[in-house]
Amino acid sequence: MKTALITGITGQDGSYLAEFLLEKGYQVHGIKRRASLFNTQRVDHIYQDPHVEHQNFILHYGDLTDSSNLTRILQEVQPDEVYNLGAQSHVAVSFESPEYTADVDAMGTLRLLEAIRLLGLEKKARFYQASTSELYGLVQETPQKETTPFYPRSPYAVAKLYAYWITVNYREAYGMYACNGVLFNHESPRRGETFVTRKITRGLANIAQGLEDCLYIGNMNALRDWGHAKDYVRMQWMMLQQDQPEDYVIATGVQYSVRQFIEWSAKELGISLQFEGNGVEEVAVIESIEGDNAPALKVGDVVVRVDPRYFRPAEVETLLGDPTKAREKLGWTPEITTQEMCSEMVADDLKTAKRHALLKLHGYEIPVSLEK
Ligand code: NDP
Ligand code: GDR
């Protein structure tokens with residue numbers, strides 16, 4: 001039985017990867033942070049009672065800012081594969097907490113690599129680093145591939161640039177099997193609520209059910225190459241099963257605007273939108289409604305408004321990946337299209353919104369934050 005250690009197991013990718021590895025027969029260990037409330041919602045369905053013998057899903061308290069803790073966990077687990085998915089992963093938040101972001105995303109990667117080396121695990125443990133299309137930032141070439149020069153545009157991307165190169169360096173210096181997956185945006189119903197796709201699908205579903213009034217959004221012109229997280233974690237595993245460690249771009253090769261994603265999401269709810277304005281004072285007005293998913297709305301309602309508070313100090317306007325290397329060398333292609341993913345996300349958020357609307361109707365409190 002192979003053993004894997006995942007940092008960031010409580011996150012979107014960590015939860016899908018854990019499921020994937022368990023299905024492959026791995027023993028999966030994950031690092032979770034201590035929090036004042038439960039933070040394991042995304043992995044609760046695969047949680048195993050620690051009082052039962054022969055567990056193959058085991059969580060350890062830890063943090064990427066704590067070297068001794070990482071060293072102890074690595075020593076205990078003796079993993080065959082380490083997936084470093086843990087990060088302060090929000091680009092906008094990284095402008096507000098740049099030092100913390102560097103500590104976790106850059107130094108955290110170094111701490112993990114160095115712990116592997118100091119424990120003498122560098123020939124045993126294969127290492128995956130969650131690198132990002134944000135490295136391309138102000139793009140130097142379109143589409144972006146493995147050889148495209150980097151130009152990071154946020155404290156998050158600069159921290160991830162360090163993590164990218166320290167991974168390459170440990171591979172070259174110590175012969176470690178270490179690689180970077182340069183992943184373009186990937187989403188799912190488990191996406192954090194403040195990333196744009198989930199903010200849109202959840203926000204519009206809530207509005208349709210009368211739980212919120214309006215979706216406030218930033219740069220609607222931003223273009224992204226959005227895939228499904230399930231497809232992307234498969235590739236993370238594939239990258240560690242090769243003869244030689246290499247870095248790969250993972251993307252769909254198609255890009256859409258934030259505005260387009262809003263339009264699709266609304267359509268899934270039976271709503272046609274008319275966009276009015278110029279991207280800075282833009283609004284979306286309901287043109288027509290079909291079906292019964294939006295009982296709270298009528299034609300002419302404004303359901304989306306641009307709010308400049310969501311503009312970033314330096315924006316990444318466009319990202320489009322070229323996954324040719326992954327396709328040709330590893331036979332990887334994404335199975336879920338962006339539009340199918342959008343449909344899945346809206347359906348999931350609508351189900352929750354309907355449940356909450358029912359609770360509200362009967363005078364019960366809604367058990368979720370409506371933070372925007
Ligand atoms: P999430 O934000 O959903 O998950 C991040 C995970 O990291 C969570 O489990 C979080 O814990 C954990 N974490 C945060 N800070 C620390 C810390 N100090 N110590 C240990 N763990 C910590 O991200 P995704 O699952 O979407 O992404 C996974 C990785 O891939 C990240 O590194 C991200 O930067 C990178 N990436 C993501 C892409 C995407 O489109 N999703 C694209 C390219 C790269 P908690 O649950 O307690 O907050
Ligand atoms: P990104 O994802 O910054 O690409 O990073 P996000 O969904 O936050 O933004 C995508 C684009 O949408 C624009 N946008 C908004 N974004 C948010 N969050 N909220 C809004 O209201 C809004 N309005 C418009 C943004 O300006 C941006 O252009 C994600 C993260 O998962 C990173 O960890 C990962 O490395 C990259 O994807 C690849």
# chains A, B, ... in the order shown; residues from 1 in each chain; ligands from 1

call {"tool": "select_by_dssp", "arguments": {"residues": "range 291-366 of chain A", "states": "strand (DSSP E or B)", "output": "PDB file with C-alpha atoms, in the first residue's frame"}}
result
ATOM      1  CA  VAL A 302     -30.893  44.536 -11.396  1.00  0.00           C
ATOM      2  CA  VAL A 303     -29.154  41.431 -10.054  1.00  0.00           C
ATOM      3  CA  VAL A 304     -25.458  42.166 -10.713  1.00  0.00           C
ATOM      4  CA  ARG A 305     -23.507  45.382 -10.121  1.00  0.00           C
ATOM      5  CA  VAL A 306     -19.833  46.161 -10.504  1.00  0.00           C
ATOM      6  CA  THR A 318      -6.131  37.225 -19.326  1.00  0.00           C
ATOM      7  CA  GLY A 321      -3.160  27.646 -21.109  1.00  0.00           C
TER       8      GLY A 321
END

call {"tool": "residues_around", "arguments": {"residues": "Lys2 in chain A", "least_positions_apart": "2", "cutoff": "9 Å", "atoms": "only C-alpha atoms", "output": "MDAnalysis selection string"}}
result
chainID A and resid 4 25:28 79:81

call {"tool": "residues_around", "arguments": {"residues": "Ser272 in chain A", "least_positions_apart": "2", "cutoff": "9 Å", "atoms": "only C-alpha atoms", "output": "mmCIF file with C-alpha atoms, in the first residue's frame"}}
result
data_model
loop_
_atom_site.group_PDB
_atom_site.id
_atom_site.type_symbol
_atom_site.label_atom_id
_atom_site.label_comp_id
_atom_site.auth_asym_id
_atom_site.auth_seq_id
_atom_site.Cartn_x
_atom_site.Cartn_y
_atom_site.Cartn_z
ATOM 1 C CA GLU A 263 -24.498 34.840 -18.201
ATOM 2 C CA TRP A 264 -24.239 31.030 -18.181
ATOM 3 C CA ALA A 266 -28.098 32.966 -14.858
ATOM 4 C CA LYS A 267 -29.233 30.843 -17.846
ATOM 5 C CA LEU A 269 -31.524 29.389 -13.403
ATOM 6 C CA GLY A 270 -33.765 30.253 -16.362
ATOM 7 C CA GLN A 274 -28.932 42.257 -20.354
ATOM 8 C CA VAL A 285 -30.729 43.522 -15.682
ATOM 9 C CA ILE A 286 -33.187 40.631 -16.044
ATOM 10 C CA GLU A 287 -34.553 40.449 -19.591
ATOM 11 C CA SER A 288 -36.670 37.335 -19.224
ATOM 12 C CA ILE A 289 -37.346 34.468 -16.813
ATOM 13 C CA GLU A 290 -38.282 30.885 -17.645
#

call {"tool": "closest_atom_pairs", "arguments": {"of": "chain A", "to": "ligand 1", "cutoff": "6 Å", "atoms": "only C-alpha atoms and all ligand atoms", "output": "Markdown table"}}
result
| residue | atom | partner | partner_atom_place_in_ligand_line | distance |
| --- | --- | --- | --- | --- |
| A:Thr7 | CA | ligand 1 | 21 (N) | 5.8 |
| A:Gly8 | CA | ligand 1 | 9 (O) | 3.2 |
| A:Ile9 | CA | ligand 1 | 9 (O) | 4.9 |
| A:Thr10 | CA | ligand 1 | 9 (O) | 3.8 |
| A:Gly11 | CA | ligand 1 | 4 (O) | 3.4 |
| A:Gln12 | CA | ligand 1 | 25 (O) | 3.7 |
| A:Asp13 | CA | ligand 1 | 25 (O) | 3.7 |
| A:Gly14 | CA | ligand 1 | 25 (O) | 5.7 |
| A:Arg33 | CA | ligand 1 | 47 (O) | 5.0 |
| A:Asn39 | CA | ligand 1 | 46 (O) | 5.9 |
| A:Asp63 | CA | ligand 1 | 19 (N) | 3.6 |
| A:Leu64 | CA | ligand 1 | 19 (N) | 3.9 |
| A:Thr65 | CA | ligand 1 | 18 (N) | 5.6 |
| A:Leu85 | CA | ligand 1 | 29 (C) | 4.1 |
| A:Gly86 | CA | ligand 1 | 7 (O) | 3.2 |
| A:Ala87 | CA | ligand 1 | 7 (O) | 4.3 |
| A:Gln88 | CA | ligand 1 | 14 (C) | 4.8 |
| A:Ser89 | CA | ligand 1 | 34 (O) | 4.0 |
| A:Val104 | CA | ligand 1 | 18 (N) | 5.1 |
| A:Ala130 | CA | ligand 1 | 30 (O) | 4.6 |
| A:Ser131 | CA | ligand 1 | 44 (C) | 5.1 |
| A:Thr132 | CA | ligand 1 | 43 (C) | 3.9 |
| A:Leu183 | CA | ligand 1 | 43 (C) | 4.4 |
| A:Phe184 | CA | ligand 1 | 42 (C) | 5.0 |
| A:Asn185 | CA | ligand 1 | 40 (O) | 3.3 |
| A:His186 | CA | ligand 1 | 40 (O) | 3.9 |
| A:Gly192 | CA | ligand 1 | 3 (O) | 5.7 |

call {"tool": "closest_residue", "arguments": {"among": "A:Ile366, A:Ala294, A:Val182, A:Val280", "to": "Ala326 in chain A", "atoms": "only C-alpha atoms"}}
result
A:Val182

call {"tool": "residues_around", "arguments": {"residues": "Trp332 in chain A", "least_positions_apart": "3", "cutoff": "12 Å", "atoms": "only C-alpha atoms", "output": "NGL selection string"}}
result
:A and (231-239 or 248-252 or 323-329 or 335)

call {"tool": "write_last_selection", "arguments": {"atoms": "N, CA and C atoms", "output": "PDB file, in the first residue's frame"}}
result
ATOM      1  N   ASP A 231     -10.794  16.831 -12.714  1.00  0.00           N
ATOM      2  CA  ASP A 231      -9.870  16.514 -13.806  1.00  0.00           C
ATOM      3  C   ASP A 231      -8.431  16.865 -13.427  1.00  0.00           C
ATOM      4  N   TYR A 232      -8.275  17.934 -12.648  1.00  0.00           N
ATOM      5  CA  TYR A 232      -6.927  18.439 -12.382  1.00  0.00           C
ATOM      6  C   TYR A 232      -6.208  17.634 -11.294  1.00  0.00           C
ATOM      7  N   VAL A 233      -6.942  17.079 -10.333  1.00  0.00           N
ATOM      8  CA  VAL A 233      -6.243  16.274  -9.314  1.00  0.00           C
ATOM      9  C   VAL A 233      -5.758  14.947  -9.912  1.00  0.00           C
ATOM     10  N   ARG A 234      -6.483  14.449 -10.909  1.00  0.00           N
ATOM     11  CA  ARG A 234      -6.023  13.221 -11.591  1.00  0.00           C
ATOM     12  C   ARG A 234      -4.629  13.459 -12.175  1.00  0.00           C
ATOM     13  N   MET A 235      -4.468  14.627 -12.741  1.00  0.00           N
ATOM     14  CA  MET A 235      -3.192  14.979 -13.358  1.00  0.00           C
ATOM     15  C   MET A 235      -2.079  15.167 -12.315  1.00  0.00           C
ATOM     16  N   GLN A 236      -2.457  15.642 -11.125  1.00  0.00           N
ATOM     17  CA  GLN A 236      -1.447  15.815 -10.060  1.00  0.00           C
ATOM     18  C   GLN A 236      -0.836  14.459  -9.724  1.00  0.00           C
ATOM     19  N   TRP A 237      -1.700  13.465  -9.640  1.00  0.00           N
ATOM     20  CA  TRP A 237      -1.224  12.105  -9.344  1.00  0.00           C
ATOM     21  C   TRP A 237      -0.389  11.572 -10.512  1.00  0.00           C
ATOM     22  N   MET A 238      -0.874  11.768 -11.729  1.00  0.00           N
ATOM     23  CA  MET A 238      -0.152  11.239 -12.912  1.00  0.00           C
ATOM     24  C   MET A 238       1.283  11.789 -12.964  1.00  0.00           C
ATOM     25  N   MET A 239       1.429  13.051 -12.595  1.00  0.00           N
ATOM     26  CA  MET A 239       2.756  13.670 -12.659  1.00  0.00           C
ATOM     27  C   MET A 239       3.776  12.970 -11.760  1.00  0.00           C
ATOM     28  N   TYR A 248       4.536  20.504 -15.633  1.00  0.00           N
ATOM     29  CA  TYR A 248       3.491  20.479 -16.671  1.00  0.00           C
ATOM     30  C   TYR A 248       2.483  21.608 -16.480  1.00  0.00           C
ATOM     31  N   VAL A 249       2.043  22.163 -17.591  1.00  0.00           N
ATOM     32  CA  VAL A 249       0.903  23.079 -17.593  1.00  0.00           C
ATOM     33  C   VAL A 249      -0.381  22.254 -17.682  1.00  0.00           C
ATOM     34  N   ILE A 250      -1.331  22.578 -16.832  1.00  0.00           N
ATOM     35  CA  ILE A 250      -2.621  21.888 -16.862  1.00  0.00           C
ATOM     36  C   ILE A 250      -3.708  22.941 -17.091  1.00  0.00           C
ATOM     37  N   ALA A 251      -4.416  22.791 -18.196  1.00  0.00           N
ATOM     38  CA  ALA A 251      -5.406  23.799 -18.585  1.00  0.00           C
ATOM     39  C   ALA A 251      -6.384  23.153 -19.553  1.00  0.00           C
ATOM     40  N   THR A 252      -7.449  23.898 -19.895  1.00  0.00           N
ATOM     41  CA  THR A 252      -8.385  23.361 -20.894  1.00  0.00           C
ATOM     42  C   THR A 252      -8.021  23.823 -22.297  1.00  0.00           C
ATOM     43  N   PRO A 323      -2.202  23.001 -22.916  1.00  0.00           N
ATOM     44  CA  PRO A 323      -1.893  21.742 -22.225  1.00  0.00           C
ATOM     45  C   PRO A 323      -1.304  20.660 -23.145  1.00  0.00           C
ATOM     46  N   THR A 324      -0.689  21.061 -24.258  1.00  0.00           N
ATOM     47  CA  THR A 324      -0.200  20.077 -25.238  1.00  0.00           C
ATOM     48  C   THR A 324       0.760  19.062 -24.612  1.00  0.00           C
ATOM     49  N   LYS A 325       1.694  19.541 -23.776  1.00  0.00           N
ATOM     50  CA  LYS A 325       2.678  18.618 -23.194  1.00  0.00           C
ATOM     51  C   LYS A 325       1.982  17.549 -22.334  1.00  0.00           C
ATOM     52  N   ALA A 326       1.029  17.974 -21.533  1.00  0.00           N
ATOM     53  CA  ALA A 326       0.308  17.016 -20.671  1.00  0.00           C
ATOM     54  C   ALA A 326      -0.450  16.000 -21.521  1.00  0.00           C
ATOM     55  N   ARG A 327      -1.015  16.475 -22.633  1.00  0.00           N
ATOM     56  CA  ARG A 327      -1.781  15.563 -23.499  1.00  0.00           C
ATOM     57  C   ARG A 327      -0.846  14.582 -24.184  1.00  0.00           C
ATOM     58  N   GLU A 328       0.252  15.120 -24.745  1.00  0.00           N
ATOM     59  CA  GLU A 328       1.120  14.250 -25.552  1.00  0.00           C
ATOM     60  C   GLU A 328       1.966  13.310 -24.698  1.00  0.00           C
ATOM     61  N   LYS A 329       2.477  13.809 -23.549  1.00  0.00           N
ATOM     62  CA  LYS A 329       3.380  12.961 -22.749  1.00  0.00           C
ATOM     63  C   LYS A 329       2.640  12.064 -21.775  1.00  0.00           C
ATOM     64  N   GLU A 335     -11.995  16.086 -18.936  1.00  0.00           N
ATOM     65  CA  GLU A 335     -13.232  15.412 -19.370  1.00  0.00           C
ATOM     66  C   GLU A 335     -14.462  16.295 -19.197  1.00  0.00           C
TER      67      GLU A 335
END

call {"tool": "residues_near_ligand", "arguments": {"ligand": "ligand 2", "cutoff": "9 Å", "atoms": "only C-alpha atoms and all ligand atoms", "output": "ChimeraX atom specification"}}
result
/A:87-92,130-135,156-157,160,182-187,191-200,215-226,257-259,306-312,315-319,372

call {"tool": "closest_residue", "arguments": {"among": "A:Pro98, A:Pro50, A:Pro313, A:Gly62", "to": "Ala35 in chain A", "atoms": "only C-alpha atoms"}}
result
A:Gly62

call {"tool": "atom_distance", "arguments": {"atom1": "CA of Leu5 in chain A", "atom2": "CA of Gly331 in chain A"}}
result
25.1 Å

call {"tool": "residues_around", "arguments": {"residues": "Val168 in chain A", "least_positions_apart": "3", "cutoff": "10 Å", "atoms": "only C-alpha atoms", "output": "number ranges by chain"}}
result
A: 129, 162-165, 171-173, 175-180, 245-247

call {"tool": "write_last_selection", "arguments": {"atoms": "N, CA and C atoms", "output": "short mmCIF file (atom, residue, chain, number, x, y, z; two decimals), in the first residue's frame"}}
result
data_model
loop_
_atom_site.label_atom_id
_atom_site.label_comp_id
_atom_site.auth_asym_id
_atom_site.auth_seq_id
_atom_site.Cartn_x
_atom_site.Cartn_y
_atom_site.Cartn_z
N GLN A 129 4.33 20.06 -6.27
CA GLN A 129 4.09 21.44 -5.85
C GLN A 129 2.95 22.05 -6.65
N TYR A 162 8.61 31.75 -5.97
CA TYR A 162 9.69 31.19 -5.14
C TYR A 162 9.47 29.68 -4.98
N ALA A 163 8.23 29.30 -4.69
CA ALA A 163 7.94 27.88 -4.47
C ALA A 163 8.23 27.07 -5.74
N TYR A 164 7.89 27.64 -6.88
CA TYR A 164 8.17 26.96 -8.15
C TYR A 164 9.67 26.68 -8.28
N TRP A 165 10.46 27.73 -8.09
CA TRP A 165 11.90 27.58 -8.33
C TRP A 165 12.61 26.77 -7.26
N ARG A 171 15.08 19.52 -6.99
CA ARG A 171 15.17 18.43 -7.98
C ARG A 171 16.58 18.38 -8.55
N GLU A 172 17.09 19.55 -8.93
CA GLU A 172 18.41 19.58 -9.58
C GLU A 172 19.55 19.38 -8.58
N ALA A 173 19.41 19.95 -7.38
CA ALA A 173 20.51 19.90 -6.41
C ALA A 173 20.61 18.54 -5.71
N GLY A 175 18.61 15.68 -6.53
CA GLY A 175 18.07 14.54 -7.28
C GLY A 175 16.71 14.09 -6.81
N MET A 176 15.97 15.00 -6.20
CA MET A 176 14.63 14.62 -5.73
C MET A 176 13.67 14.47 -6.89
N TYR A 177 12.71 13.56 -6.73
CA TYR A 177 11.61 13.50 -7.70
C TYR A 177 10.62 14.58 -7.25
N ALA A 178 10.79 15.79 -7.81
CA ALA A 178 9.96 16.92 -7.40
C ALA A 178 9.46 17.62 -8.65
N CYS A 179 8.17 17.90 -8.71
CA CYS A 179 7.68 18.60 -9.91
C CYS A 179 6.59 19.60 -9.61
N ASN A 180 6.48 20.53 -10.55
CA ASN A 180 5.46 21.58 -10.49
C ASN A 180 4.34 21.27 -11.45
N PRO A 245 10.91 13.25 -13.23
CA PRO A 245 10.08 14.37 -12.75
C PRO A 245 10.15 15.54 -13.72
N GLU A 246 8.99 16.05 -14.10
CA GLU A 246 8.95 17.21 -15.01
C GLU A 246 7.81 18.12 -14.60
N ASP A 247 7.87 19.35 -15.11
CA ASP A 247 6.81 20.34 -14.82
C ASP A 247 5.81 20.36 -15.98
#

call {"tool": "select_by_dssp", "arguments": {"residues": "range 145-204 of chain A", "states": "alpha helix (DSSP H)", "output": "PyMOL selection string"}}
result
chain A and resi 155-174+196-204

call {"tool": "atom_distance", "arguments": {"atom1": "CA of Lys354 in chain A", "atom2": "CA of Ala18 in chain A"}}
result
29.5 Å

call {"tool": "atom_distance", "arguments": {"atom1": "CA of Arg126 in chain A", "atom2": "CA of Leu330 in chain A"}}
result
17.2 Å

call {"tool": "closest_residue", "arguments": {"among": "A:Leu118, A:Phe150, A:Leu240, A:His51", "to": "Thr71 in chain A", "atoms": "only C-alpha atoms"}}
result
A:Leu118

call {"tool": "closest_residue", "arguments": {"among": "A:Gln75, A:Thr337, A:Thr148, A:Gln241", "to": "Phe127 in chain A", "atoms": "only C-alpha atoms"}}
result
A:Gln241

call {"tool": "residues_around", "arguments": {"residues": "range 344-347 of chain A", "least_positions_apart": "6", "cutoff": "8 Å", "atoms": "only C-alpha atoms", "output": "PyMOL selection string"}}
result
chain A and resi 188-189+198+201-202+205+265+268-269

call {"tool": "closest_residue", "arguments": {"among": "A:Glu53, A:Arg190, A:Gly291, A:Val77", "to": "Thr40 in chain A", "atoms": "only C-alpha atoms"}}
result
A:Arg190

call {"tool": "closest_residue", "arguments": {"among": "A:Lys360, A:His228, A:Arg72, A:Arg355", "to": "Glu340 in chain A", "atoms": "only C-alpha atoms"}}
result
A:His228
